[in-house]
Number of protein chains: 2
Amino acid sequence: MSTYHPPREDLALPAVLHALSDPQRLRIVRELSRDPEPRPCGSFLLDVSKSTKTHHFRVLREAGVITQRVLGTSKLTSLRREDLDQRFPGLLDAVLASAETPVAVPA
Amino acid sequence: MSTYHPPREDLALPAVLHALSDPQRLRIVRELSRDPEPRPCGSFLLDVSKSTKTHHFRVLREAGVITQRVLGTSKLTSLRREDLDQRFPGLLDAVLASAETPVAVPA
DNA sequence: CATATTGTTCGATGATCGTCGTACAATTGA
DNA sequence: TCAATTGTACGACGATCATCGAACAATATG
């Protein structure tokens with residue numbers, strides 16, 4: 001049960017899109033792409049509680065978007081960029097590029 | 001209230017990704033891209049009821065993925081390809097290309 | 001006018017989701 | 001050994017979701 005990672009062939013588009021459709025998770029993925037160095041979950045600045053963070057990382061992992069490996073008391077997270085690019089060419093890049101677009105702020 | 005279409009600037013990435021994360025809606029979008037001719041909702045073959053269809057078309061419309069315009073008793077649906085491409089370059093194409101990938105079928 | 005045809009509206013239902021706090025587990029370090 | 005750090009597990013909560021059927025509305029067509 002612990003830290004299941006789906007094999008590349010099992011990555012499903014709806015699950016990946018769903019994983020990326022949450023603002024907090026999108027932020028995680030953006031940070032990971034800007035700084036690909038594997039980082040502990042705690043180093044991501046999200047305005048949610050610790051347990052909610054755990055939840056979001058699980059959703060991303062089970063959709064195949066990230067990998068997590070234990071190191072001491074930490075869990076290092078990295079993007080499964082290669083798998084994503086193989087399975088869904090151009091998708092991650094398009095999402096990341098789209099996420100860079102600033103949101104229109106009301107006057 | 002009737003048939004609201006968000007202006008291009010208001011298209012939000014999470015909403016679009018969420019709209020595309022459902023298999024039925026993904027199928028609608030794929031059909032629309034293969035055959036860009038505006039079609040009535042009824043011409044899409046989904047294994048859901050009429051009212052559920054209405055629901056999915058509303059989600060897609062409110063996310064800015066499709067347009068719907070009335071013609072007689074029908075409602076013609078088309079992809080907002082230009083708006084999507086401007087706002088989220090490459091996203092729709094990547095999603096569509098990824099959706100073409102056949103799902104692995106268990107032996 | 002009567003009847004299809006096409007789609008919406010309106011609950012309702014069961015499932016999933018995002019969020020939280022508390023308690024717990026595991027490792028590190030003094 | 002004791003305390004700090006890092007993350008998980010477990011309910012629980014309200015919100016949203018995908019789905020349905022039945023009733024309704026609007027337009028065509030006979």
# chains A, B, ... in the order shown; residues from 1 in each chain; ligands from 1
>>> calpha_fit_and_write(fixed="chain B", moving="chain A", output="compact mmCIF listing (two decimals) with N, CA, C and O atoms, in the first residue's frame")
# COMPACT_ATOMS: atom_id res chain seq x y z
N MET A 1 -28.50 33.95 -17.31
CA MET A 1 -28.09 32.64 -16.86
C MET A 1 -27.90 31.67 -18.03
O MET A 1 -27.09 30.80 -17.99
N SER A 2 -28.66 31.90 -19.10
CA SER A 2 -28.69 30.89 -20.16
C SER A 2 -27.44 30.92 -21.02
O SER A 2 -27.07 31.98 -21.53
N THR A 3 -26.81 29.77 -21.13
CA THR A 3 -25.66 29.56 -22.02
C THR A 3 -24.61 30.65 -21.88
O THR A 3 -24.27 31.33 -22.82
N TYR A 4 -24.10 30.77 -20.70
CA TYR A 4 -23.00 31.70 -20.47
C TYR A 4 -21.71 31.17 -21.09
O TYR A 4 -21.37 30.00 -20.95
N HIS A 5 -21.02 32.06 -21.78
CA HIS A 5 -19.70 31.72 -22.30
C HIS A 5 -18.68 32.68 -21.70
O HIS A 5 -18.80 33.89 -21.89
N PRO A 6 -17.68 32.18 -21.01
CA PRO A 6 -16.67 33.07 -20.44
C PRO A 6 -15.85 33.71 -21.55
O PRO A 6 -15.53 33.05 -22.54
N PRO A 7 -15.52 35.00 -21.42
CA PRO A 7 -14.63 35.64 -22.39
C PRO A 7 -13.25 35.01 -22.32
O PRO A 7 -12.87 34.43 -21.31
N ARG A 8 -12.53 35.15 -23.43
CA ARG A 8 -11.24 34.46 -23.54
C ARG A 8 -10.31 34.74 -22.37
O ARG A 8 -9.64 33.84 -21.86
N GLU A 9 -10.26 35.99 -21.92
CA GLU A 9 -9.32 36.35 -20.85
C GLU A 9 -9.64 35.64 -19.55
O GLU A 9 -8.79 35.52 -18.68
N ASP A 10 -10.88 35.21 -19.43
CA ASP A 10 -11.29 34.59 -18.17
C ASP A 10 -11.06 33.09 -18.13
O ASP A 10 -11.32 32.45 -17.12
N LEU A 11 -10.62 32.51 -19.22
CA LEU A 11 -10.39 31.06 -19.22
C LEU A 11 -9.34 30.73 -18.17
O LEU A 11 -8.26 31.31 -18.16
N ALA A 12 -9.66 29.79 -17.32
CA ALA A 12 -8.77 29.43 -16.22
C ALA A 12 -8.25 28.01 -16.42
O ALA A 12 -9.02 27.10 -16.72
N LEU A 13 -6.94 27.87 -16.27
CA LEU A 13 -6.32 26.58 -16.52
C LEU A 13 -6.91 25.45 -15.67
O LEU A 13 -7.25 24.39 -16.21
N PRO A 14 -7.05 25.63 -14.35
CA PRO A 14 -7.62 24.53 -13.56
C PRO A 14 -9.00 24.12 -14.06
O PRO A 14 -9.30 22.92 -14.16
N ALA A 15 -9.82 25.08 -14.40
CA ALA A 15 -11.17 24.76 -14.88
C ALA A 15 -11.11 23.99 -16.19
O ALA A 15 -11.86 23.02 -16.40
N VAL A 16 -10.24 24.40 -17.08
CA VAL A 16 -10.11 23.71 -18.37
C VAL A 16 -9.60 22.29 -18.16
O VAL A 16 -10.15 21.33 -18.72
N LEU A 17 -8.59 22.14 -17.32
CA LEU A 17 -8.06 20.80 -17.05
C LEU A 17 -9.12 19.93 -16.41
O LEU A 17 -9.26 18.74 -16.74
N HIS A 18 -9.87 20.51 -15.50
CA HIS A 18 -10.93 19.74 -14.87
C HIS A 18 -11.98 19.32 -15.90
O HIS A 18 -12.44 18.18 -15.91
N ALA A 19 -12.34 20.25 -16.77
CA ALA A 19 -13.34 19.93 -17.79
C ALA A 19 -12.86 18.78 -18.67
O ALA A 19 -13.65 17.93 -19.09
N LEU A 20 -11.57 18.74 -18.93
CA LEU A 20 -11.02 17.72 -19.82
C LEU A 20 -10.69 16.42 -19.09
O LEU A 20 -10.31 15.43 -19.73
N SER A 21 -10.85 16.39 -17.80
CA SER A 21 -10.42 15.21 -17.04
C SER A 21 -11.50 14.14 -16.93
O SER A 21 -11.27 13.11 -16.30
N ASP A 22 -12.64 14.38 -17.54
CA ASP A 22 -13.69 13.36 -17.52
C ASP A 22 -13.74 12.63 -18.86
O ASP A 22 -13.72 13.27 -19.92
N PRO A 23 -13.79 11.31 -18.83
CA PRO A 23 -13.75 10.52 -20.06
C PRO A 23 -14.86 10.88 -21.07
O PRO A 23 -14.58 10.98 -22.26
N GLN A 24 -16.06 11.09 -20.59
CA GLN A 24 -17.15 11.44 -21.50
C GLN A 24 -16.88 12.78 -22.18
O GLN A 24 -17.05 12.93 -23.38
N ARG A 25 -16.44 13.74 -21.37
CA ARG A 25 -16.18 15.07 -21.94
C ARG A 25 -14.99 15.03 -22.87
O ARG A 25 -14.97 15.70 -23.91
N LEU A 26 -14.01 14.22 -22.53
CA LEU A 26 -12.86 14.07 -23.40
C LEU A 26 -13.30 13.51 -24.74
O LEU A 26 -12.82 13.91 -25.81
N ARG A 27 -14.25 12.60 -24.70
CA ARG A 27 -14.74 12.01 -25.94
C ARG A 27 -15.44 13.05 -26.81
O ARG A 27 -15.25 13.11 -28.03
N ILE A 28 -16.22 13.90 -26.16
CA ILE A 28 -16.88 14.98 -26.89
C ILE A 28 -15.85 15.85 -27.60
O ILE A 28 -15.97 16.14 -28.79
N VAL A 29 -14.82 16.24 -26.87
CA VAL A 29 -13.81 17.13 -27.43
C VAL A 29 -13.06 16.44 -28.56
O VAL A 29 -12.75 17.05 -29.59
N ARG A 30 -12.79 15.17 -28.41
CA ARG A 30 -12.11 14.44 -29.48
C ARG A 30 -12.96 14.39 -30.73
O ARG A 30 -12.46 14.64 -31.83
N GLU A 31 -14.23 14.08 -30.56
CA GLU A 31 -15.11 14.04 -31.73
C GLU A 31 -15.16 15.40 -32.41
O GLU A 31 -15.12 15.49 -33.64
N LEU A 32 -15.21 16.44 -31.59
CA LEU A 32 -15.28 17.80 -32.15
C LEU A 32 -14.02 18.16 -32.90
O LEU A 32 -14.06 18.92 -33.87
N SER A 33 -12.90 17.63 -32.47
CA SER A 33 -11.66 17.98 -33.15
C SER A 33 -11.50 17.17 -34.44
O SER A 33 -10.95 17.66 -35.41
N ARG A 34 -12.01 15.95 -34.42
CA ARG A 34 -11.94 15.14 -35.64
C ARG A 34 -12.88 15.68 -36.70
O ARG A 34 -12.60 15.62 -37.89
N ASP A 35 -14.01 16.18 -36.26
CA ASP A 35 -15.02 16.69 -37.18
C ASP A 35 -15.49 18.04 -36.66
O ASP A 35 -16.44 18.12 -35.89
N PRO A 36 -14.80 19.11 -37.11
CA PRO A 36 -15.01 20.44 -36.52
C PRO A 36 -16.35 21.07 -36.88
O PRO A 36 -16.68 22.14 -36.38
N GLU A 37 -17.10 20.42 -37.78
CA GLU A 37 -18.42 20.95 -38.12
C GLU A 37 -19.28 21.03 -36.85
O GLU A 37 -19.39 20.02 -36.14
N PRO A 38 -19.87 22.21 -36.57
CA PRO A 38 -20.75 22.33 -35.39
C PRO A 38 -21.89 21.31 -35.45
O PRO A 38 -22.56 21.20 -36.47
N ARG A 39 -22.07 20.60 -34.38
CA ARG A 39 -23.07 19.55 -34.36
C ARG A 39 -23.99 19.68 -33.14
O ARG A 39 -23.57 20.16 -32.10
N PRO A 40 -25.20 19.19 -33.26
CA PRO A 40 -26.09 19.16 -32.10
C PRO A 40 -25.59 18.16 -31.07
O PRO A 40 -24.93 17.17 -31.39
N CYS A 41 -25.91 18.42 -29.82
CA CYS A 41 -25.46 17.58 -28.71
C CYS A 41 -25.85 16.12 -28.93
O CYS A 41 -25.11 15.20 -28.60
N GLY A 42 -27.03 15.94 -29.48
CA GLY A 42 -27.54 14.59 -29.64
C GLY A 42 -26.71 13.72 -30.57
O GLY A 42 -26.82 12.49 -30.52
N SER A 43 -25.88 14.35 -31.38
CA SER A 43 -25.12 13.57 -32.36
C SER A 43 -23.87 12.95 -31.75
O SER A 43 -23.12 12.24 -32.42
N PHE A 44 -23.64 13.22 -30.48
CA PHE A 44 -22.48 12.63 -29.82
C PHE A 44 -22.90 11.34 -29.12
O PHE A 44 -23.88 11.32 -28.38
N LEU A 45 -22.17 10.30 -29.41
CA LEU A 45 -22.54 9.01 -28.86
C LEU A 45 -21.85 8.78 -27.52
O LEU A 45 -20.70 8.38 -27.45
N LEU A 46 -22.59 9.04 -26.45
CA LEU A 46 -22.05 8.82 -25.11
C LEU A 46 -22.96 7.83 -24.41
O LEU A 46 -24.17 7.80 -24.66
N ASP A 47 -22.39 7.04 -23.52
CA ASP A 47 -23.22 6.08 -22.80
C ASP A 47 -23.73 6.71 -21.51
O ASP A 47 -23.52 6.18 -20.42
N VAL A 48 -24.36 7.85 -21.63
CA VAL A 48 -24.99 8.48 -20.48
C VAL A 48 -26.34 9.01 -20.92
O VAL A 48 -26.63 9.12 -22.10
N SER A 49 -27.15 9.34 -19.94
CA SER A 49 -28.50 9.81 -20.23
C SER A 49 -28.48 11.20 -20.85
O SER A 49 -27.46 11.89 -20.84
N LYS A 50 -29.65 11.61 -21.33
CA LYS A 50 -29.78 12.92 -21.94
C LYS A 50 -29.40 14.02 -20.96
O LYS A 50 -28.66 14.95 -21.32
N SER A 51 -29.88 13.92 -19.74
CA SER A 51 -29.62 15.00 -18.78
C SER A 51 -28.14 15.05 -18.39
O SER A 51 -27.61 16.13 -18.16
N THR A 52 -27.52 13.89 -18.34
CA THR A 52 -26.09 13.89 -18.04
C THR A 52 -25.31 14.53 -19.19
O THR A 52 -24.33 15.24 -18.97
N LYS A 53 -25.77 14.27 -20.40
CA LYS A 53 -25.14 14.93 -21.54
C LYS A 53 -25.21 16.44 -21.39
O LYS A 53 -24.21 17.14 -21.53
N THR A 54 -26.39 16.93 -21.10
CA THR A 54 -26.57 18.38 -20.89
C THR A 54 -25.56 18.88 -19.87
O THR A 54 -24.91 19.91 -20.07
N HIS A 55 -25.42 18.13 -18.79
CA HIS A 55 -24.48 18.51 -17.74
C HIS A 55 -23.05 18.64 -18.29
O HIS A 55 -22.37 19.63 -18.05
N HIS A 56 -22.61 17.63 -19.03
CA HIS A 56 -21.24 17.64 -19.53
C HIS A 56 -21.01 18.79 -20.51
O HIS A 56 -19.95 19.43 -20.49
N PHE A 57 -22.01 19.07 -21.34
CA PHE A 57 -21.85 20.18 -22.26
C PHE A 57 -21.77 21.50 -21.50
O PHE A 57 -21.03 22.40 -21.90
N ARG A 58 -22.51 21.59 -20.42
CA ARG A 58 -22.43 22.83 -19.63
C ARG A 58 -21.05 23.00 -19.00
O ARG A 58 -20.48 24.10 -19.02
N VAL A 59 -20.52 21.92 -18.47
CA VAL A 59 -19.19 22.02 -17.86
C VAL A 59 -18.15 22.47 -18.89
O VAL A 59 -17.34 23.36 -18.63
N LEU A 60 -18.21 21.87 -20.07
CA LEU A 60 -17.27 22.24 -21.13
C LEU A 60 -17.46 23.70 -21.54
O LEU A 60 -16.48 24.43 -21.74
N ARG A 61 -18.71 24.11 -21.64
CA ARG A 61 -18.99 25.49 -22.07
C ARG A 61 -18.53 26.49 -21.03
O ARG A 61 -17.86 27.48 -21.35
N GLU A 62 -18.84 26.22 -19.77
CA GLU A 62 -18.49 27.18 -18.71
C GLU A 62 -16.99 27.23 -18.45
O GLU A 62 -16.48 28.21 -17.91
N ALA A 63 -16.29 26.19 -18.85
CA ALA A 63 -14.83 26.23 -18.74
C ALA A 63 -14.22 26.94 -19.95
O ALA A 63 -13.03 27.26 -19.95
N GLY A 64 -15.04 27.16 -20.98
CA GLY A 64 -14.55 27.85 -22.16
C GLY A 64 -14.02 26.93 -23.24
O GLY A 64 -13.36 27.37 -24.18
N VAL A 65 -14.31 25.65 -23.13
CA VAL A 65 -13.78 24.69 -24.10
C VAL A 65 -14.63 24.64 -25.36
O VAL A 65 -14.11 24.44 -26.46
N ILE A 66 -15.93 24.82 -25.22
CA ILE A 66 -16.82 24.78 -26.38
C ILE A 66 -17.74 26.00 -26.42
O ILE A 66 -17.88 26.71 -25.43
N THR A 67 -18.31 26.20 -27.58
CA THR A 67 -19.36 27.20 -27.74
C THR A 67 -20.63 26.48 -28.13
O THR A 67 -20.57 25.45 -28.80
N GLN A 68 -21.75 27.02 -27.72
CA GLN A 68 -23.03 26.45 -28.13
C GLN A 68 -23.92 27.57 -28.63
O GLN A 68 -24.09 28.58 -27.99
N ARG A 69 -24.48 27.34 -29.83
CA ARG A 69 -25.43 28.33 -30.33
C ARG A 69 -26.68 27.61 -30.81
O ARG A 69 -26.61 26.52 -31.40
N VAL A 70 -27.80 28.25 -30.54
CA VAL A 70 -29.09 27.63 -30.83
C VAL A 70 -29.38 27.67 -32.32
O VAL A 70 -29.09 28.66 -33.00
N LEU A 71 -29.95 26.58 -32.81
CA LEU A 71 -30.43 26.53 -34.20
C LEU A 71 -31.66 25.64 -34.20
O LEU A 71 -31.55 24.43 -34.09
N GLY A 72 -32.80 26.26 -34.29
CA GLY A 72 -34.04 25.49 -34.19
C GLY A 72 -34.17 24.89 -32.81
O GLY A 72 -33.96 25.58 -31.81
N THR A 73 -34.46 23.62 -32.76
CA THR A 73 -34.56 22.97 -31.45
C THR A 73 -33.21 22.42 -31.02
O THR A 73 -33.09 21.84 -29.95
N SER A 74 -32.22 22.61 -31.87
CA SER A 74 -30.90 22.06 -31.56
C SER A 74 -30.00 23.11 -30.95
O SER A 74 -30.32 24.29 -30.92
N LYS A 75 -28.85 22.65 -30.49
CA LYS A 75 -27.84 23.55 -29.98
C LYS A 75 -26.53 23.09 -30.58
O LYS A 75 -26.02 22.03 -30.23
N LEU A 76 -26.02 23.88 -31.48
CA LEU A 76 -24.82 23.47 -32.19
C LEU A 76 -23.59 23.72 -31.34
O LEU A 76 -23.41 24.81 -30.80
N THR A 77 -22.77 22.72 -31.26
CA THR A 77 -21.57 22.80 -30.42
C THR A 77 -20.33 22.86 -31.28
O THR A 77 -20.21 22.13 -32.26
N SER A 78 -19.41 23.76 -30.92
CA SER A 78 -18.11 23.74 -31.57
C SER A 78 -17.01 24.02 -30.58
O SER A 78 -17.26 24.56 -29.49
N LEU A 79 -15.81 23.63 -30.94
CA LEU A 79 -14.64 23.84 -30.10
C LEU A 79 -14.23 25.30 -30.13
O LEU A 79 -14.26 25.92 -31.18
N ARG A 80 -13.80 25.83 -28.99
CA ARG A 80 -13.25 27.19 -28.97
C ARG A 80 -11.75 27.12 -29.18
O ARG A 80 -10.95 27.55 -28.35
N ARG A 81 -11.40 26.56 -30.31
CA ARG A 81 -10.01 26.24 -30.57
C ARG A 81 -9.11 27.48 -30.57
O ARG A 81 -8.04 27.49 -29.97
N GLU A 82 -9.59 28.53 -31.22
CA GLU A 82 -8.76 29.73 -31.31
C GLU A 82 -8.50 30.32 -29.93
O GLU A 82 -7.36 30.62 -29.58
N ASP A 83 -9.57 30.44 -29.15
CA ASP A 83 -9.41 31.00 -27.80
C ASP A 83 -8.49 30.13 -26.95
O ASP A 83 -7.62 30.62 -26.24
N LEU A 84 -8.70 28.83 -27.05
CA LEU A 84 -7.86 27.93 -26.26
C LEU A 84 -6.40 28.03 -26.68
O LEU A 84 -5.49 28.07 -25.84
N ASP A 85 -6.18 28.08 -27.98
CA ASP A 85 -4.80 28.13 -28.47
C ASP A 85 -4.11 29.43 -28.09
O ASP A 85 -2.91 29.46 -27.81
N GLN A 86 -4.89 30.50 -28.09
CA GLN A 86 -4.30 31.78 -27.69
C GLN A 86 -3.96 31.79 -26.21
O GLN A 86 -2.90 32.23 -25.80
N ARG A 87 -4.90 31.32 -25.44
CA ARG A 87 -4.75 31.41 -23.98
C ARG A 87 -3.79 30.34 -23.46
O ARG A 87 -3.00 30.62 -22.55
N PHE A 88 -3.89 29.14 -23.99
CA PHE A 88 -3.08 28.02 -23.51
C PHE A 88 -2.42 27.32 -24.68
O PHE A 88 -2.81 26.20 -25.05
N PRO A 89 -1.40 27.94 -25.26
CA PRO A 89 -0.81 27.43 -26.51
C PRO A 89 -0.34 25.98 -26.38
O PRO A 89 0.40 25.65 -25.46
N GLY A 90 -0.78 25.18 -27.30
CA GLY A 90 -0.31 23.79 -27.34
C GLY A 90 -1.05 22.85 -26.44
O GLY A 90 -0.93 21.63 -26.57
N LEU A 91 -1.84 23.39 -25.53
CA LEU A 91 -2.49 22.53 -24.55
C LEU A 91 -3.51 21.59 -25.19
O LEU A 91 -3.45 20.36 -25.02
N LEU A 92 -4.42 22.16 -25.96
CA LEU A 92 -5.46 21.33 -26.55
C LEU A 92 -4.86 20.27 -27.47
O LEU A 92 -5.26 19.09 -27.41
N ASP A 93 -3.90 20.69 -28.28
CA ASP A 93 -3.27 19.71 -29.18
C ASP A 93 -2.60 18.59 -28.40
O ASP A 93 -2.71 17.42 -28.79
N ALA A 94 -1.93 18.93 -27.33
CA ALA A 94 -1.26 17.90 -26.54
C ALA A 94 -2.28 16.95 -25.92
O ALA A 94 -2.09 15.73 -25.91
N VAL A 95 -3.35 17.51 -25.43
CA VAL A 95 -4.39 16.67 -24.83
C VAL A 95 -4.99 15.74 -25.88
O VAL A 95 -5.16 14.54 -25.65
N LEU A 96 -5.28 16.31 -27.04
CA LEU A 96 -5.89 15.50 -28.10
C LEU A 96 -4.93 14.41 -28.56
O LEU A 96 -5.32 13.25 -28.75
N ALA A 97 -3.67 14.77 -28.74
CA ALA A 97 -2.69 13.77 -29.15
C ALA A 97 -2.57 12.68 -28.10
O ALA A 97 -2.52 11.49 -28.42
N SER A 98 -2.57 13.08 -26.84
CA SER A 98 -2.46 12.11 -25.76
C SER A 98 -3.67 11.20 -25.72
O SER A 98 -3.58 10.03 -25.38
N ALA A 99 -4.81 11.76 -26.05
CA ALA A 99 -6.04 10.98 -25.99
C ALA A 99 -6.09 9.94 -27.10
O ALA A 99 -6.81 8.95 -27.00
N GLU A 100 -5.32 10.17 -28.15
CA GLU A 100 -5.29 9.19 -29.24
C GLU A 100 -4.59 7.92 -28.81
O GLU A 100 -4.89 6.84 -29.29
N THR A 101 -3.62 8.08 -27.91
CA THR A 101 -2.89 6.92 -27.42
C THR A 101 -3.85 5.87 -26.88
O THR A 101 -4.63 6.16 -25.98
N PRO A 102 -3.83 4.67 -27.46
CA PRO A 102 -4.74 3.64 -27.01
C PRO A 102 -4.43 3.25 -25.57
O PRO A 102 -3.28 3.21 -25.16
N VAL A 103 -5.47 3.00 -24.83
CA VAL A 103 -5.31 2.58 -23.44
C VAL A 103 -4.86 1.11 -23.43
O VAL A 103 -5.39 0.30 -24.19
N ALA A 104 -3.90 0.82 -22.59
CA ALA A 104 -3.43 -0.55 -22.48
C ALA A 104 -4.57 -1.45 -22.02
O ALA A 104 -5.23 -1.17 -21.02
N VAL A 105 -4.82 -2.51 -22.77
CA VAL A 105 -5.89 -3.44 -22.42
C VAL A 105 -5.28 -4.68 -21.78
O VAL A 105 -4.37 -5.27 -22.33
N PRO A 106 -5.78 -5.04 -20.59
CA PRO A 106 -5.26 -6.24 -19.93
C PRO A 106 -5.52 -7.49 -20.77
O PRO A 106 -6.57 -7.60 -21.41
N ALA A 107 -4.55 -8.41 -20.75
CA ALA A 107 -4.70 -9.65 -21.50
C ALA A 107 -5.80 -10.49 -20.85
O ALA A 107 -6.70 -10.95 -21.49
>>> select_by_dssp(residues="range 19-97 of chain A", states="alpha helix (DSSP H)", output="ChimeraX atom specification")
/A:19-20,23-34,50-63,81-87,91-97
>>> interface_residues(of="chain C", to="chain B", cutoff="10 Å", atoms="only C-alpha atoms (C1' of nucleotides)", output="short mmCIF file (atom, residue, chain, number, x, y, z; two decimals) with all heavy atoms, in the first residue's frame")
data_model
loop_
_atom_site.label_atom_id
_atom_site.label_comp_id
_atom_site.auth_asym_id
_atom_site.auth_seq_id
_atom_site.Cartn_x
_atom_site.Cartn_y
_atom_site.Cartn_z
P DT C 5 -39.36 11.38 -33.69
OP1 DT C 5 -38.93 10.78 -34.98
OP2 DT C 5 -39.45 10.59 -32.46
"O5'" DT C 5 -38.44 12.66 -33.40
"C5'" DT C 5 -38.43 13.72 -34.33
"C4'" DT C 5 -37.60 14.89 -33.83
"O4'" DT C 5 -38.40 15.73 -32.95
"C3'" DT C 5 -36.37 14.49 -33.00
"O3'" DT C 5 -35.26 15.18 -33.54
"C2'" DT C 5 -36.70 14.95 -31.58
"C1'" DT C 5 -37.62 16.13 -31.85
N1 DT C 5 -38.59 16.46 -30.76
C2 DT C 5 -38.71 17.78 -30.36
O2 DT C 5 -38.06 18.68 -30.85
N3 DT C 5 -39.62 17.98 -29.37
C4 DT C 5 -40.43 17.02 -28.75
O4 DT C 5 -41.23 17.32 -27.88
C5 DT C 5 -40.25 15.68 -29.22
C7 DT C 5 -41.05 14.56 -28.63
C6 DT C 5 -39.34 15.46 -30.19
P DT C 6 -33.76 14.84 -33.07
OP1 DT C 6 -32.87 15.07 -34.23
OP2 DT C 6 -33.80 13.55 -32.35
"O5'" DT C 6 -33.44 15.98 -32.00
"C5'" DT C 6 -33.53 17.34 -32.39
"C4'" DT C 6 -33.30 18.23 -31.20
"O4'" DT C 6 -34.50 18.29 -30.40
"C3'" DT C 6 -32.19 17.74 -30.25
"O3'" DT C 6 -31.20 18.75 -30.17
"C2'" DT C 6 -32.90 17.51 -28.91
"C1'" DT C 6 -34.15 18.33 -29.05
N1 DT C 6 -35.33 17.82 -28.28
C2 DT C 6 -36.09 18.72 -27.57
O2 DT C 6 -35.85 19.91 -27.54
N3 DT C 6 -37.15 18.16 -26.89
C4 DT C 6 -37.51 16.82 -26.87
O4 DT C 6 -38.49 16.45 -26.23
C5 DT C 6 -36.66 15.94 -27.64
C7 DT C 6 -36.96 14.48 -27.68
C6 DT C 6 -35.62 16.47 -28.30
P DG C 7 -29.80 18.45 -29.47
OP1 DG C 7 -28.77 19.27 -30.08
OP2 DG C 7 -29.66 16.98 -29.39
"O5'" DG C 7 -30.06 19.01 -28.00
"C5'" DG C 7 -30.26 20.41 -27.86
"C4'" DG C 7 -31.02 20.69 -26.59
"O4'" DG C 7 -32.19 19.85 -26.50
"C3'" DG C 7 -30.25 20.44 -25.30
"O3'" DG C 7 -29.81 21.68 -24.77
"C2'" DG C 7 -31.26 19.74 -24.39
"C1'" DG C 7 -32.57 19.85 -25.15
N9 DG C 7 -33.46 18.73 -24.88
C8 DG C 7 -33.35 17.43 -25.31
N7 DG C 7 -34.31 16.65 -24.90
C5 DG C 7 -35.11 17.50 -24.14
C6 DG C 7 -36.32 17.23 -23.44
O6 DG C 7 -36.94 16.16 -23.33
N1 DG C 7 -36.81 18.38 -22.81
C2 DG C 7 -36.21 19.62 -22.86
N2 DG C 7 -36.81 20.59 -22.19
N3 DG C 7 -35.10 19.88 -23.52
C4 DG C 7 -34.61 18.78 -24.13
P DT C 8 -29.11 21.76 -23.35
OP1 DT C 8 -28.20 22.91 -23.41
OP2 DT C 8 -28.61 20.42 -23.00
"O5'" DT C 8 -30.31 22.13 -22.37
"C5'" DT C 8 -31.14 23.24 -22.70
"C4'" DT C 8 -32.11 23.53 -21.57
"O4'" DT C 8 -33.09 22.47 -21.49
"C3'" DT C 8 -31.47 23.62 -20.18
"O3'" DT C 8 -32.05 24.71 -19.49
"C2'" DT C 8 -31.82 22.28 -19.54
"C1'" DT C 8 -33.16 21.96 -20.18
N1 DT C 8 -33.45 20.51 -20.30
C2 DT C 8 -34.57 20.00 -19.69
O2 DT C 8 -35.35 20.69 -19.04
N3 DT C 8 -34.75 18.66 -19.87
C4 DT C 8 -33.94 17.79 -20.58
O4 DT C 8 -34.21 16.60 -20.68
C5 DT C 8 -32.78 18.40 -21.18
C7 DT C 8 -31.83 17.54 -21.97
C6 DT C 8 -32.59 19.71 -21.02
P DT C 9 -31.46 25.22 -18.14
OP1 DT C 9 -31.48 26.69 -18.20
OP2 DT C 9 -30.20 24.51 -17.89
"O5'" DT C 9 -32.52 24.75 -17.04
"C5'" DT C 9 -33.91 24.81 -17.37
"C4'" DT C 9 -34.73 24.20 -16.24
"O4'" DT C 9 -34.95 22.79 -16.50
"C3'" DT C 9 -34.09 24.27 -14.86
"O3'" DT C 9 -35.11 24.63 -13.93
"C2'" DT C 9 -33.58 22.86 -14.63
"C1'" DT C 9 -34.60 22.03 -15.37
N1 DT C 9 -34.13 20.71 -15.88
C2 DT C 9 -34.93 19.60 -15.70
O2 DT C 9 -35.99 19.64 -15.11
N3 DT C 9 -34.42 18.44 -16.24
C4 DT C 9 -33.23 18.30 -16.92
O4 DT C 9 -32.88 17.20 -17.36
C5 DT C 9 -32.44 19.50 -17.07
C7 DT C 9 -31.13 19.44 -17.79
C6 DT C 9 -32.93 20.64 -16.55
#
>>> residues_around(residues="DG11 in chain D", least_positions_apart="2", cutoff="10 Å", atoms="only C-alpha atoms (C1' of nucleotides)", output="MDAnalysis selection string")
(chainID C and resid 22) or (chainID D and resid 9 13)
>>> write_last_selection(atoms="N, CA, C and O atoms (P, O5', C5', C4', C3', O3' and C1' of nucleotides)", output="compact mmCIF listing (two decimals), in the first residue's frame")
# COMPACT_ATOMS: atom_id res chain seq x y z
P DT C 22 -6.22 19.99 17.36
O5' DT C 22 -6.16 18.45 17.80
C5' DT C 22 -7.30 17.63 17.60
C4' DT C 22 -6.87 16.17 17.56
C3' DT C 22 -5.66 15.84 18.44
O3' DT C 22 -5.96 14.72 19.24
C1' DT C 22 -5.34 15.04 16.24
P DA D 9 -0.13 6.41 5.16
O5' DA D 9 -1.07 6.50 6.45
C5' DA D 9 -0.57 6.02 7.71
C4' DA D 9 -1.73 5.83 8.66
C3' DA D 9 -3.07 5.49 8.02
O3' DA D 9 -3.77 4.62 8.91
C1' DA D 9 -3.22 7.60 9.11
P DC D 13 -18.75 14.93 11.69
O5' DC D 13 -18.58 16.09 10.61
C5' DC D 13 -17.80 17.25 10.95
C4' DC D 13 -17.69 18.13 9.72
C3' DC D 13 -18.90 18.05 8.82
O3' DC D 13 -19.86 19.01 9.26
C1' DC D 13 -16.84 17.97 7.56
>>> atom_distance(atom1="C1' of DG7 in chain D", atom2="C1' of DT16 in chain C")
24.1 Å
>>> closest_atom_pairs(of="chain D", to="chain B", cutoff="10 Å", atoms="only C-alpha atoms (C1' of nucleotides)", output="Markdown table")
| residue | atom | partner | partner_atom | distance |
| --- | --- | --- | --- | --- |
| D:DA18 | C1' | B:Thr52 | CA | 7.6 |
| D:DT19 | C1' | B:Thr52 | CA | 6.5 |
| D:DC20 | C1' | B:Ser49 | CA | 7.2 |
| D:DG21 | C1' | B:Ser51 | CA | 9.0 |
| D:DA26 | C1' | B:Thr73 | CA | 6.5 |
| D:DT27 | C1' | B:Thr73 | CA | 5.0 |
| D:DA28 | C1' | B:Gly72 | CA | 7.6 |
